[in-house]
$ cat input_35.txt   # compact mmCIF, C-alpha atoms (C1' of nucleotides)
# COMPACT_ATOMS: atom_id res chain seq x y z
CA MET A 740 -46.63 76.56 180.50
CA SER A 741 -42.93 76.50 181.07
CA GLY A 742 -41.98 75.67 184.65
CA GLY A 743 -39.06 78.09 184.48
CA VAL A 744 -41.57 80.91 184.85
CA GLU A 745 -41.89 80.13 188.52
CA TRP A 746 -38.14 80.23 188.99
CA ALA A 747 -37.84 83.52 187.15
CA LEU A 748 -40.59 85.13 189.23
CA HIS A 749 -39.02 84.00 192.50
CA CYS A 750 -35.68 85.33 191.33
CA CYS A 751 -37.19 88.71 190.49
CA VAL A 752 -38.79 88.89 193.91
CA ALA A 753 -35.50 87.95 195.53
CA LEU A 754 -33.62 90.56 193.52
CA THR A 755 -35.97 93.12 195.03
CA SER A 756 -33.99 92.73 198.25
CA ALA A 757 -30.60 92.92 196.56
CA GLU A 758 -28.41 96.01 196.55
CA ALA A 759 -25.60 94.58 194.45
CA PRO A 760 -25.53 92.20 191.46
CA VAL A 761 -26.29 88.61 192.49
CA PRO A 762 -24.71 85.72 190.57
CA ALA A 763 -26.99 83.12 189.02
CA ALA A 764 -25.32 80.38 191.06
CA ARG A 765 -26.28 82.10 194.29
CA LEU A 766 -29.89 82.48 193.23
CA ALA A 767 -29.91 78.82 192.26
CA HIS A 768 -28.55 77.85 195.65
CA LEU A 769 -31.13 80.02 197.37
CA HIS A 770 -33.97 78.22 195.62
CA ASP A 771 -32.26 74.83 195.42
CA VAL A 772 -32.66 74.44 191.68
CA SER A 773 -30.42 73.51 188.77
CA PRO A 774 -27.87 76.36 188.43
CA THR A 775 -27.29 75.90 184.74
CA TYR A 776 -30.95 75.83 183.81
CA LEU A 777 -31.73 78.83 185.96
CA ALA A 778 -28.95 80.62 184.09
CA LYS A 779 -30.94 79.99 180.93
CA GLN A 780 -34.00 81.68 182.36
CA LEU A 781 -32.00 84.63 183.60
CA GLN A 782 -30.53 85.01 180.14
CA ALA A 783 -34.09 85.28 178.84
CA LEU A 784 -34.83 87.98 181.39
CA SER A 785 -31.65 89.75 180.34
CA ARG A 786 -32.67 89.68 176.66
CA ALA A 787 -36.00 91.25 177.64
CA ASP A 788 -34.14 94.01 179.52
CA LEU A 789 -35.83 93.14 182.80
CA VAL A 790 -32.53 92.45 184.51
CA ARG A 791 -29.09 93.80 183.79
CA SER A 792 -26.20 91.37 183.64
CA VAL A 793 -22.84 92.58 184.87
CA GLN A 794 -19.78 90.44 184.34
CA GLY A 795 -16.53 90.20 186.20
CA LYS A 796 -15.61 89.10 189.66
CA ALA A 797 -18.38 90.92 191.54
CA GLY A 798 -20.88 90.44 188.70
CA GLY A 799 -24.33 88.97 188.60
CA TYR A 800 -27.87 90.04 187.83
CA ILE A 801 -29.83 93.01 189.10
CA LEU A 802 -33.16 94.57 188.19
CA THR A 803 -33.00 97.28 185.55
CA ARG A 804 -35.78 99.37 187.04
CA SER A 805 -38.05 99.76 190.02
CA PRO A 806 -39.89 96.55 190.95
CA ALA A 807 -43.12 98.53 190.73
CA GLN A 808 -42.49 98.99 187.01
CA ILE A 809 -41.96 95.32 186.24
CA THR A 810 -45.18 93.39 185.78
CA VAL A 811 -45.65 89.67 186.14
CA LEU A 812 -46.66 89.64 182.49
CA ASP A 813 -43.24 91.01 181.53
CA VAL A 814 -41.55 88.06 183.21
CA VAL A 815 -43.93 85.48 181.78
CA GLU A 816 -43.55 86.80 178.26
CA ALA A 817 -39.78 87.00 178.61
CA VAL A 818 -39.48 83.35 179.63
CA ASP A 819 -42.38 81.67 177.83
CA GLY A 820 -42.26 83.78 174.71
CA PRO A 821 -44.50 86.70 173.77
CA GLY A 822 -46.59 84.79 171.23
CA PRO A 823 -50.13 83.69 172.05
CA ALA A 824 -50.60 80.18 173.41
CA PHE A 825 -53.43 79.49 170.97
CA ILE A 826 -52.52 79.74 167.31
CA CYS A 827 -55.25 79.67 164.69
CA THR A 828 -54.31 77.46 161.74
CA GLU A 829 -57.15 78.78 159.61
CA ILE A 830 -59.03 75.54 159.44
CA ARG A 831 -61.94 77.34 157.83
CA GLN A 832 -59.81 77.74 154.69
CA ARG A 833 -59.28 74.00 154.38
CA GLY A 834 -61.36 71.03 153.33
CA PRO A 835 -64.16 70.68 150.79
CA LEU A 836 -66.11 73.63 152.22
CA ALA A 837 -63.10 75.93 152.43
CA VAL A 838 -63.97 79.56 152.82
CA PRO A 839 -62.18 81.59 150.11
CA ALA A 840 -59.32 83.70 151.43
CA GLN A 841 -60.95 86.89 150.19
CA SER A 842 -63.77 86.37 152.69
CA CYS A 843 -61.35 86.01 155.60
CA THR A 844 -60.61 89.62 156.37
CA ALA A 845 -61.60 89.24 160.04
CA PRO A 846 -60.11 86.47 162.21
CA CYS A 847 -62.31 83.44 162.68
CA VAL A 848 -64.72 83.33 165.60
CA ILE A 849 -62.86 80.67 167.53
CA SER A 850 -59.59 82.52 167.21
CA ARG A 851 -61.29 85.65 168.48
CA ALA A 852 -62.75 83.93 171.54
CA MET A 853 -59.41 82.43 172.48
CA ALA A 854 -57.62 85.70 171.88
CA ASP A 855 -60.10 87.54 174.11
CA ALA A 856 -59.52 85.04 176.89
CA GLU A 857 -55.77 85.42 176.59
CA THR A 858 -56.15 89.16 176.70
CA ALA A 859 -58.05 88.84 179.97
CA TRP A 860 -55.24 86.62 181.25
CA ARG A 861 -52.62 89.13 180.20
CA ASN A 862 -54.49 92.01 181.78
CA ALA A 863 -54.66 90.12 185.07
CA LEU A 864 -50.93 89.49 184.96
CA ARG A 865 -50.28 93.07 183.97
CA THR A 866 -52.04 94.50 187.00
CA THR A 867 -49.64 92.75 189.36
CA SER A 868 -46.10 94.03 189.68
CA ILE A 869 -43.03 92.44 191.20
CA ALA A 870 -43.26 95.05 193.94
CA ASP A 871 -46.79 93.84 194.74
CA LEU A 872 -45.51 90.30 195.08
CA ALA A 873 -42.62 91.35 197.32
CA ARG A 874 -44.96 93.41 199.47
CA ASP A 875 -47.10 90.39 200.27
CA VAL A 876 -44.14 88.28 201.28
CA ASP A 877 -43.70 87.93 205.01
CA ALA A 878 -41.58 90.76 206.42
CA ASP A 879 -39.29 88.37 208.29
CA ALA A 880 -38.66 86.33 205.16
CA ARG A 881 -37.80 89.48 203.22
CA SER A 882 -35.34 90.51 205.89
CA ASP A 883 -33.72 87.09 205.84
CA ILE A 884 -33.39 87.10 202.07
CA SER A 885 -31.96 90.59 202.10
CA SER A 886 -29.24 89.70 204.60
CA TRP A 887 -28.53 86.41 202.87
CA LEU A 888 -28.11 88.07 199.46
CA ASN A 889 -26.21 91.14 200.60
CA GLY A 890 -24.28 89.44 203.38
CA ALA A 891 -21.96 86.45 203.23
CA GLY A 892 -24.71 83.89 202.81
CA ALA A 893 -24.80 80.31 204.05
CA MET B 68 -51.55 74.77 174.52
CA SER B 69 -52.56 71.69 172.63
CA GLY B 70 -53.35 72.33 168.99
CA GLY B 71 -56.13 69.77 169.07
CA VAL B 72 -58.26 72.30 170.94
CA GLU B 73 -58.84 74.16 167.71
CA TRP B 74 -59.95 70.98 165.96
CA ALA B 75 -62.28 70.08 168.80
CA LEU B 76 -63.91 73.50 168.80
CA HIS B 77 -64.45 73.47 165.05
CA CYS B 78 -65.96 70.01 165.36
CA CYS B 79 -68.36 71.16 168.06
CA VAL B 80 -69.44 74.09 165.92
CA ALA B 81 -69.94 71.78 162.96
CA LEU B 82 -71.95 69.34 165.06
CA THR B 83 -74.29 72.22 165.80
CA SER B 84 -75.58 71.80 162.25
CA ALA B 85 -75.90 68.02 162.48
CA GLU B 86 -79.15 66.20 163.02
CA ALA B 87 -77.72 62.68 163.06
CA PRO B 88 -74.47 61.24 164.45
CA VAL B 89 -71.47 62.22 162.34
CA PRO B 90 -68.49 59.83 162.05
CA ALA B 91 -65.08 61.08 163.03
CA ALA B 92 -63.74 60.34 159.57
CA ARG B 93 -66.27 62.69 158.03
CA LEU B 94 -65.41 65.49 160.41
CA ALA B 95 -61.74 64.93 159.61
CA HIS B 96 -62.44 65.12 155.91
CA LEU B 97 -64.46 68.28 156.39
CA HIS B 98 -61.54 70.03 158.10
CA ASP B 99 -58.80 68.24 156.14
CA VAL B 100 -56.97 66.96 159.21
CA SER B 101 -55.55 63.64 160.36
CA PRO B 102 -58.56 61.34 160.90
CA THR B 103 -56.90 59.18 163.54
CA TYR B 104 -55.68 62.08 165.64
CA LEU B 105 -58.99 63.84 165.46
CA ALA B 106 -60.52 60.61 166.75
CA LYS B 107 -58.36 60.98 169.83
CA GLN B 108 -59.71 64.46 170.52
CA LEU B 109 -63.28 63.31 170.02
CA GLN B 110 -62.66 60.52 172.49
CA ALA B 111 -61.61 63.16 174.98
CA LEU B 112 -64.84 65.05 174.33
CA SER B 113 -66.75 61.82 174.79
CA ARG B 114 -65.08 61.14 178.14
CA ALA B 115 -66.11 64.63 179.27
CA ASP B 116 -69.69 63.90 178.23
CA LEU B 117 -69.77 66.80 175.79
CA VAL B 118 -70.53 64.54 172.86
CA ARG B 119 -72.24 61.18 172.77
CA SER B 120 -70.65 58.41 170.75
CA VAL B 121 -72.95 55.98 169.03
CA GLN B 122 -71.53 52.89 167.40
CA GLY B 123 -72.74 50.78 164.56
CA LYS B 124 -73.25 51.40 160.89
CA ALA B 125 -74.98 54.79 161.17
CA GLY B 126 -72.92 55.76 164.22
CA GLY B 127 -70.76 58.77 164.96
CA TYR B 128 -70.66 61.69 167.36
CA ILE B 129 -73.35 64.12 168.34
CA LEU B 130 -73.68 66.80 171.00
CA THR B 131 -75.16 65.64 174.28
CA ARG B 132 -76.99 68.89 175.01
CA SER B 133 -77.94 72.22 173.55
CA PRO B 134 -74.98 74.14 172.09
CA ALA B 135 -75.95 77.05 174.33
CA GLN B 136 -75.13 74.89 177.35
CA ILE B 137 -71.64 73.91 176.19
CA THR B 138 -69.02 76.53 176.91
CA VAL B 139 -65.69 76.93 175.19
CA LEU B 140 -64.10 76.27 178.56
CA ASP B 141 -65.73 72.85 178.66
CA VAL B 142 -64.09 71.90 175.37
CA VAL B 143 -60.69 73.31 176.31
CA GLU B 144 -60.65 71.50 179.63
CA ALA B 145 -61.81 68.27 178.03
CA VAL B 146 -58.97 68.27 175.49
CA ASP B 147 -56.13 70.03 177.32
CA GLY B 148 -56.90 68.66 180.77
CA PRO B 149 -58.68 70.39 183.63
CA GLY B 150 -55.54 71.10 185.66
CA PRO B 151 -54.06 74.59 185.83
CA ALA B 152 -51.31 75.47 183.37
CA PHE B 153 -49.13 76.92 186.12
CA ILE B 154 -48.20 74.53 188.90
CA CYS B 155 -46.55 75.84 192.04
CA THR B 156 -43.67 73.63 193.14
CA GLU B 157 -43.43 75.33 196.53
CA ILE B 158 -40.00 76.79 195.96
CA ARG B 159 -40.38 78.80 199.16
CA GLN B 160 -40.05 75.54 201.12
CA ARG B 161 -36.68 74.74 199.54
CA GLY B 162 -33.14 76.03 199.90
CA PRO B 163 -31.26 77.44 202.89
CA LEU B 164 -34.01 79.95 203.71
CA ALA B 165 -36.83 77.41 203.41
CA VAL B 166 -40.06 78.53 204.99
CA PRO B 167 -41.29 75.85 207.40
CA ALA B 168 -44.32 73.96 206.18
CA GLN B 169 -46.35 75.03 209.17
CA SER B 170 -46.18 78.64 207.96
CA CYS B 171 -47.50 77.69 204.51
CA THR B 172 -51.20 77.56 205.18
CA ALA B 173 -52.01 80.00 202.37
CA PRO B 174 -50.66 79.47 198.84
CA CYS B 175 -47.60 81.50 197.95
CA VAL B 176 -48.04 84.94 196.40
CA ILE B 177 -46.79 83.97 192.98
CA SER B 178 -49.08 80.97 192.83
CA ARG B 179 -51.98 83.19 193.77
CA ALA B 180 -51.24 85.75 191.07
CA MET B 181 -51.00 83.10 188.40
CA ALA B 182 -54.13 81.35 189.63
CA ASP B 183 -56.06 84.64 189.53
CA ALA B 184 -54.96 85.21 185.95
CA GLU B 185 -56.03 81.72 184.95
CA THR B 186 -59.37 82.28 186.63
CA ALA B 187 -59.87 85.39 184.51
CA TRP B 188 -58.97 83.32 181.45
CA ARG B 189 -61.44 80.62 182.42
CA ASN B 190 -64.19 83.11 183.07
CA ALA B 191 -63.68 84.60 179.62
CA LEU B 192 -63.91 81.17 178.04
CA ARG B 193 -66.92 80.31 180.17
CA THR B 194 -68.94 83.29 178.96
CA THR B 195 -68.77 82.06 175.37
CA SER B 196 -70.85 79.06 174.35
CA ILE B 197 -70.68 76.90 171.26
CA ALA B 198 -73.99 78.40 170.23
CA ASP B 199 -72.42 81.87 170.37
CA LEU B 200 -69.65 80.71 168.08
CA ALA B 201 -72.07 79.12 165.63
CA ARG B 202 -74.22 82.26 165.62
CA ASP B 203 -71.31 84.38 164.44
CA VAL B 204 -70.45 82.05 161.59
CA ASP B 205 -71.61 83.25 158.24
CA ALA B 206 -75.17 82.07 157.50
CA ASP B 207 -74.21 80.72 154.08
CA ALA B 208 -71.36 78.71 155.54
CA ARG B 209 -73.66 77.24 158.17
CA SER B 210 -76.13 76.23 155.51
CA ASP B 211 -73.39 74.60 153.46
CA ILE B 212 -72.07 72.67 156.44
CA SER B 213 -75.55 71.55 157.40
CA SER B 214 -76.29 70.14 153.97
CA TRP B 215 -72.84 68.61 153.69
CA LEU B 216 -73.16 66.84 157.03
CA ASN B 217 -76.78 65.75 156.74
CA GLY B 218 -76.74 65.13 153.00
CA ALA B 219 -74.51 62.85 150.97
CA GLY B 220 -71.44 65.03 151.23
CA ALA B 221 -68.66 65.44 148.70
C1' DG C 45 -96.32 40.52 152.87
C1' DA C 46 -94.30 40.36 157.71
C1' DC C 47 -90.97 38.56 160.80
C1' DG C 48 -86.53 36.81 162.70
C1' DG C 49 -81.75 35.03 162.54
C1' DG C 50 -77.35 35.58 160.52
C1' DT C 51 -74.07 38.23 158.17
C1' DT C 52 -71.67 42.24 157.10
C1' DA C 53 -69.77 46.47 157.21
C1' DC C 54 -69.07 50.35 159.66
C1' DT C 55 -68.32 52.63 164.10
C1' DC C 56 -65.65 53.82 168.36
C1' DG C 57 -61.93 52.77 171.89
C1' DG C 58 -57.55 52.12 173.79
C1' DA C 59 -52.72 50.57 173.15
C1' DT C 60 -48.64 51.76 170.27
C1' DA C 61 -44.57 54.67 167.52
C1' DA C 62 -42.58 59.32 165.54
C1' DT C 63 -41.87 64.00 166.20
C1' DT C 64 -41.38 68.30 168.63
C1' DA C 65 -40.88 71.22 172.79
C1' DT C 66 -39.15 71.43 177.24
C1' DT C 67 -35.57 70.50 180.69
C1' DG C 68 -30.96 70.07 181.85
C1' DT C 69 -25.79 70.47 180.92
C1' DC C 70 -21.41 71.92 179.27
C1' DC C 71 -17.52 74.80 177.86
C1' DG C 72 -15.69 79.19 175.79
C1' DA C 73 -15.62 84.63 175.64
C1' DG C 74 -15.25 88.56 178.45
C1' DT C 75 -14.62 91.60 182.33
C1' DA C 76 -13.76 93.51 186.89
C1' DG C 77 -11.07 93.10 190.85
C1' DC C 78 -6.63 91.82 192.94
C1' DT C 79 -1.48 91.49 193.10
C1' DC C 80 2.84 93.03 192.65
C1' DG C 81 6.45 95.79 190.87
C1' DG C 82 8.02 100.46 189.91
C1' DG C 83 8.22 105.48 190.66
C1' DC D 1037 3.07 106.07 199.92
C1' DC D 1038 0.72 106.26 195.10
C1' DC D 1039 0.20 104.47 190.49
C1' DG D 1040 -0.33 101.15 186.70
C1' DA D 1041 0.43 96.87 184.03
C1' DG D 1042 -0.40 92.07 184.29
C1' DC D 1043 -2.69 88.26 186.15
C1' DT D 1044 -6.23 85.64 188.07
C1' DA D 1045 -10.56 84.22 189.14
C1' DC D 1046 -15.11 84.79 188.57
C1' DT D 1047 -19.03 86.09 185.67
C1' DC D 1048 -22.32 85.63 181.72
C1' DG D 1049 -23.52 83.82 176.98
C1' DG D 1050 -24.66 80.66 173.58
C1' DA D 1051 -24.07 75.91 171.63
C1' DC D 1052 -24.95 70.94 172.84
C1' DA D 1053 -27.60 66.32 174.85
C1' DA D 1054 -31.53 63.89 177.69
C1' DT D 1055 -36.07 63.78 178.84
C1' DA D 1056 -41.10 64.50 178.70
C1' DA D 1057 -45.19 65.97 176.16
C1' DT D 1058 -47.49 66.42 172.05
C1' DT D 1059 -48.72 64.60 167.51
C1' DA D 1060 -49.81 60.89 164.69
C1' DT D 1061 -51.01 55.97 163.79
C1' DC D 1062 -52.67 51.31 163.93
C1' DC D 1063 -55.58 47.33 164.97
C1' DG D 1064 -59.10 44.98 167.90
C1' DA D 1065 -64.00 45.11 170.33
C1' DG D 1066 -68.65 46.19 169.66
C1' DT D 1067 -72.97 47.43 167.53
C1' DA D 1068 -76.63 48.64 164.45
C1' DA D 1069 -78.25 48.22 159.92
C1' DC D 1070 -79.00 45.17 156.11
C1' DC D 1071 -80.05 40.81 153.63
C1' DC D 1072 -82.25 36.63 153.05
C1' DG D 1073 -84.85 32.70 154.15
C1' DT D 1074 -88.94 31.29 156.40
C1' DC D 1075 -93.74 31.50 157.95
$ encode --input "input_35.txt" --output "structure tokens"
Amino acid sequence: MSGGVEWALHCCVALTSAEAPVPAARLAHLHDVSPTYLAKQLQALSRADLVRSVQGKAGGYILTRSPAQITVLDVVEAVDGPGPAFICTEIRQRGPLAVPAQSCTAPCVISRAMADAETAWRNALRTTSIADLARDVDADARSDISSWLNGAGA
Amino acid sequence: MSGGVEWALHCCVALTSAEAPVPAARLAHLHDVSPTYLAKQLQALSRADLVRSVQGKAGGYILTRSPAQITVLDVVEAVDGPGPAFICTEIRQRGPLAVPAQSCTAPCVISRAMADAETAWRNALRTTSIADLARDVDADARSDISSWLNGAGA
DNA sequence: GACGGGTTACTCGGATAATTATTGTCCGAGTAGCTCGGG
DNA sequence: CCCGAGCTACTCGGACAATAATTATCCGAGTAACCCGTC
């Protein structure tokens, strides 16, 4: 799994406490990570319409909708790609005992088991929203982040 | 996710129909995959004690226990590594608003959400055994594989 | 015919390269705010 | 004092390298079967 997912999630949680667009550089400074690489992740979030990018002098990134309506799954799929992690290469159709393609209407058993597991994983990520994450963050920390983002900052 | 997981699972299902040790080269031929790389995966299974490797002229690999007692999770963890896919780098302890380490007794919220999702994924993989997979394979195919493995082969 | 030593051929196992995905970086296009001159 | 054109500085966006993980490969160590000579 891409490590940028963690950065993106933290950024989304931080943006919960933002009232104006926050530049990528400031988010990078807040988390002490590579500014340019974080920009890449934020671009991915922008492409997925999770955040809105506004250019210009007072530009930056801001959430497009209520944090309660952005799931963790949305962020993960935006950064890591929506495709499944396990991809069936149809081994059953290869080799000396290859099953003819006409008999392969349903996906193979292994593919199904892996797909079911990933579905369970997705459902778990879908039940948690960015708002849920922000709610469980310590109140003091949220206050600090809010003032740091909206105020002058360090 | 490592693509070798698929190979390993197919091999385990095939070994269900084997009565004697099957060489890695034969399994590779059966699935039409790289023999040397498949050997690597089988070594991983051997290290995890899922299969038993027997050397010598009539050597090969064979399952160590009943297919019903080998879960898909066992195979996935043996090949892809037991560690979690998402690793928390403790971003909350970095940057200008770093949370002091003494306040970090519990894992951070994001880490928890991801860990819960992975647990759901693991549970789904744990409920399916190799025997379950073999049971859902077409009876004719199973018969063919059995005779191909135990007989002379093509 | 039965047994035992030696040979052989086949097996796995770990150490070793090639390829692909991830991580990290850079510079150009674009836009909003600010400045300054005019009315 | 109010307005607007021009400028400036700051922003994002995509194209470009460095690194790590995956994929693929090879050759040596070890072992069990087989063969053959002997009893």
$ calpha_fit_and_write --input "input_35.txt" --fixed "chain A" --moving "chain B" --output "compact mmCIF listing (two decimals) with C-alpha atoms, in the coordinates of the input"
# COMPACT_ATOMS: atom_id res chain seq x y z
CA MET B 68 -46.63 76.54 180.48
CA SER B 69 -42.92 76.49 181.08
CA GLY B 70 -41.97 75.66 184.63
CA GLY B 71 -39.07 78.08 184.50
CA VAL B 72 -41.56 80.92 184.85
CA GLU B 73 -41.90 80.13 188.53
CA TRP B 74 -38.14 80.22 189.00
CA ALA B 75 -37.86 83.51 187.15
CA LEU B 76 -40.58 85.13 189.24
CA HIS B 77 -39.03 83.99 192.50
CA CYS B 78 -35.69 85.33 191.32
CA CYS B 79 -37.19 88.71 190.49
CA VAL B 80 -38.79 88.89 193.92
CA ALA B 81 -35.50 87.95 195.54
CA LEU B 82 -33.63 90.56 193.51
CA THR B 83 -35.98 93.12 195.02
CA SER B 84 -33.99 92.72 198.23
CA ALA B 85 -30.60 92.94 196.53
CA GLU B 86 -28.43 96.01 196.51
CA ALA B 87 -25.59 94.58 194.42
CA PRO B 88 -25.54 92.20 191.45
CA VAL B 89 -26.32 88.63 192.48
CA PRO B 90 -24.72 85.71 190.57
CA ALA B 91 -26.98 83.12 189.04
CA ALA B 92 -25.33 80.38 191.06
CA ARG B 93 -26.30 82.10 194.28
CA LEU B 94 -29.90 82.48 193.22
CA ALA B 95 -29.92 78.81 192.26
CA HIS B 96 -28.56 77.84 195.64
CA LEU B 97 -31.13 80.01 197.37
CA HIS B 98 -34.00 78.21 195.63
CA ASP B 99 -32.27 74.81 195.45
CA VAL B 100 -32.68 74.43 191.69
CA SER B 101 -30.43 73.50 188.78
CA PRO B 102 -27.89 76.34 188.47
CA THR B 103 -27.30 75.89 184.75
CA TYR B 104 -30.96 75.84 183.82
CA LEU B 105 -31.74 78.82 185.96
CA ALA B 106 -28.97 80.61 184.08
CA LYS B 107 -30.93 80.01 180.91
CA GLN B 108 -34.02 81.69 182.35
CA LEU B 109 -32.00 84.63 183.59
CA GLN B 110 -30.54 85.02 180.13
CA ALA B 111 -34.08 85.27 178.83
CA LEU B 112 -34.82 87.98 181.39
CA SER B 113 -31.65 89.75 180.33
CA ARG B 114 -32.66 89.67 176.66
CA ALA B 115 -35.99 91.25 177.63
CA ASP B 116 -34.15 93.98 179.50
CA LEU B 117 -35.83 93.13 182.79
CA VAL B 118 -32.53 92.44 184.50
CA ARG B 119 -29.09 93.79 183.76
CA SER B 120 -26.20 91.36 183.63
CA VAL B 121 -22.86 92.57 184.85
CA GLN B 122 -19.78 90.45 184.32
CA GLY B 123 -16.56 90.21 186.19
CA LYS B 124 -15.63 89.11 189.66
CA ALA B 125 -18.40 90.94 191.54
CA GLY B 126 -20.87 90.45 188.69
CA GLY B 127 -24.34 88.97 188.58
CA TYR B 128 -27.89 90.05 187.83
CA ILE B 129 -29.84 93.00 189.08
CA LEU B 130 -33.17 94.57 188.18
CA THR B 131 -33.01 97.28 185.54
CA ARG B 132 -35.80 99.39 187.03
CA SER B 133 -38.04 99.76 190.02
CA PRO B 134 -39.89 96.55 190.95
CA ALA B 135 -43.13 98.53 190.73
CA GLN B 136 -42.49 99.00 187.01
CA ILE B 137 -41.96 95.31 186.23
CA THR B 138 -45.18 93.38 185.80
CA VAL B 139 -45.65 89.66 186.14
CA LEU B 140 -46.66 89.66 182.50
CA ASP B 141 -43.25 91.01 181.54
CA VAL B 142 -41.54 88.07 183.22
CA VAL B 143 -43.93 85.48 181.79
CA GLU B 144 -43.54 86.80 178.27
CA ALA B 145 -39.78 87.00 178.62
CA VAL B 146 -39.47 83.35 179.64
CA ASP B 147 -42.37 81.66 177.84
CA GLY B 148 -42.25 83.79 174.70
CA PRO B 149 -44.47 86.71 173.77
CA GLY B 150 -46.57 84.79 171.24
CA PRO B 151 -50.11 83.69 172.06
CA ALA B 152 -50.61 80.19 173.43
CA PHE B 153 -53.43 79.49 170.99
CA ILE B 154 -52.52 79.74 167.32
CA CYS B 155 -55.24 79.68 164.70
CA THR B 156 -54.30 77.46 161.76
CA GLU B 157 -57.15 78.79 159.63
CA ILE B 158 -59.02 75.52 159.45
CA ARG B 159 -61.94 77.34 157.83
CA GLN B 160 -59.81 77.75 154.69
CA ARG B 161 -59.26 73.99 154.38
CA GLY B 162 -61.35 71.02 153.32
CA PRO B 163 -64.15 70.69 150.78
CA LEU B 164 -66.10 73.63 152.22
CA ALA B 165 -63.07 75.93 152.42
CA VAL B 166 -63.94 79.57 152.81
CA PRO B 167 -62.15 81.60 150.13
CA ALA B 168 -59.31 83.71 151.45
CA GLN B 169 -60.93 86.88 150.21
CA SER B 170 -63.77 86.37 152.70
CA CYS B 171 -61.33 86.02 155.62
CA THR B 172 -60.63 89.64 156.39
CA ALA B 173 -61.60 89.26 160.05
CA PRO B 174 -60.11 86.49 162.22
CA CYS B 175 -62.30 83.44 162.69
CA VAL B 176 -64.72 83.32 165.61
CA ILE B 177 -62.85 80.67 167.53
CA SER B 178 -59.58 82.53 167.21
CA ARG B 179 -61.28 85.65 168.48
CA ALA B 180 -62.75 83.93 171.53
CA MET B 181 -59.42 82.44 172.48
CA ALA B 182 -57.60 85.71 171.89
CA ASP B 183 -60.09 87.55 174.11
CA ALA B 184 -59.52 85.04 176.89
CA GLU B 185 -55.76 85.41 176.60
CA THR B 186 -56.14 89.17 176.71
CA ALA B 187 -58.04 88.84 179.98
CA TRP B 188 -55.24 86.61 181.26
CA ARG B 189 -52.61 89.13 180.22
CA ASN B 190 -54.48 92.00 181.79
CA ALA B 191 -54.65 90.12 185.07
CA LEU B 192 -50.92 89.48 184.97
CA ARG B 193 -50.27 93.08 183.97
CA THR B 194 -52.05 94.50 187.01
CA THR B 195 -49.64 92.74 189.36
CA SER B 196 -46.09 94.04 189.68
CA ILE B 197 -43.03 92.45 191.22
CA ALA B 198 -43.26 95.05 193.95
CA ASP B 199 -46.79 93.85 194.75
CA LEU B 200 -45.51 90.31 195.09
CA ALA B 201 -42.62 91.36 197.32
CA ARG B 202 -44.97 93.43 199.48
CA ASP B 203 -47.09 90.40 200.28
CA VAL B 204 -44.12 88.28 201.29
CA ASP B 205 -43.69 87.93 205.00
CA ALA B 206 -41.56 90.76 206.42
CA ASP B 207 -39.28 88.35 208.29
CA ALA B 208 -38.66 86.33 205.15
CA ARG B 209 -37.80 89.47 203.22
CA SER B 210 -35.34 90.50 205.89
CA ASP B 211 -33.73 87.07 205.84
CA ILE B 212 -33.39 87.08 202.07
CA SER B 213 -31.96 90.58 202.10
CA SER B 214 -29.25 89.70 204.58
CA TRP B 215 -28.54 86.40 202.86
CA LEU B 216 -28.12 88.06 199.47
CA ASN B 217 -26.22 91.14 200.59
CA GLY B 218 -24.27 89.46 203.37
CA ALA B 219 -21.97 86.47 203.22
CA GLY B 220 -24.72 83.91 202.81
CA ALA B 221 -24.77 80.33 204.02
$ atom_distance --input "input_35.txt" --atom1 "CA of Lys796 in chain A" --atom2 "C1' of DT1047 in chain D"
6.1 Å
$ atom_distance --input "input_35.txt" --atom1 "CA of Cys843 in chain A" --atom2 "CA of Asp855 in chain A"
18.6 Å
$ interface_residues --input "input_35.txt" --of "chain A" --to "chain C" --cutoff "8 Å" --atoms "all atoms listed in the file" --output "VMD selection string"
chain A and resid 741 773 775 to 776 794 to 798
$ write_last_selection --input "input_35.txt" --atoms "C-alpha atoms" --output "short mmCIF file (atom, residue, chain, number, x, y, z; two decimals), in the coordinates of the input"
data_model
loop_
_atom_site.label_atom_id
_atom_site.label_comp_id
_atom_site.auth_asym_id
_atom_site.auth_seq_id
_atom_site.Cartn_x
_atom_site.Cartn_y
_atom_site.Cartn_z
CA SER A 741 -42.93 76.50 181.07
CA SER A 773 -30.42 73.51 188.77
CA THR A 775 -27.29 75.90 184.74
CA TYR A 776 -30.95 75.83 183.81
CA GLN A 794 -19.78 90.44 184.34
CA GLY A 795 -16.53 90.20 186.20
CA LYS A 796 -15.61 89.10 189.66
CA ALA A 797 -18.38 90.92 191.54
CA GLY A 798 -20.88 90.44 188.70
#
$ atom_distance --input "input_35.txt" --atom1 "CA of Arg114 in chain B" --atom2 "CA of Gly127 in chain B"
14.5 Å
$ closest_residue --input "input_35.txt" --among "A:Arg874, A:His768, A:Arg804, A:Arg791" --to "chain B" --atoms "all atoms listed in the file"
A:His768
$ closest_residue --input "input_35.txt" --among "A:Ser756, A:Ala845, A:Gly890, A:Leu812" --to "Ala859 in chain A" --atoms "all atoms listed in the file"
A:Leu812
$ interface_residues --input "input_35.txt" --of "chain B" --to "chain A" --cutoff "7 Å" --atoms "all atoms listed in the file" --output "ChimeraX atom specification"
/B:68,96-99,152-153,158,161-164,176-177,184-185,187-188,191-192,200,203
$ interface_residues --input "input_35.txt" --of "chain D" --to "chain B" --cutoff "7 Å" --atoms "only C-alpha atoms (C1' of nucleotides)" --output "VMD selection string"
chain D and resid 1060 to 1061 1067 to 1069
$ axis_aligned_box --input "input_35.txt" --around "range 103-116 of chain B" --padding-each-side "6 Å" --output "JSON"
{"center_x": -62.7, "center_y": 62.1, "center_z": 171.4, "size_x": 26.0, "size_y": 17.9, "size_z": 27.7}
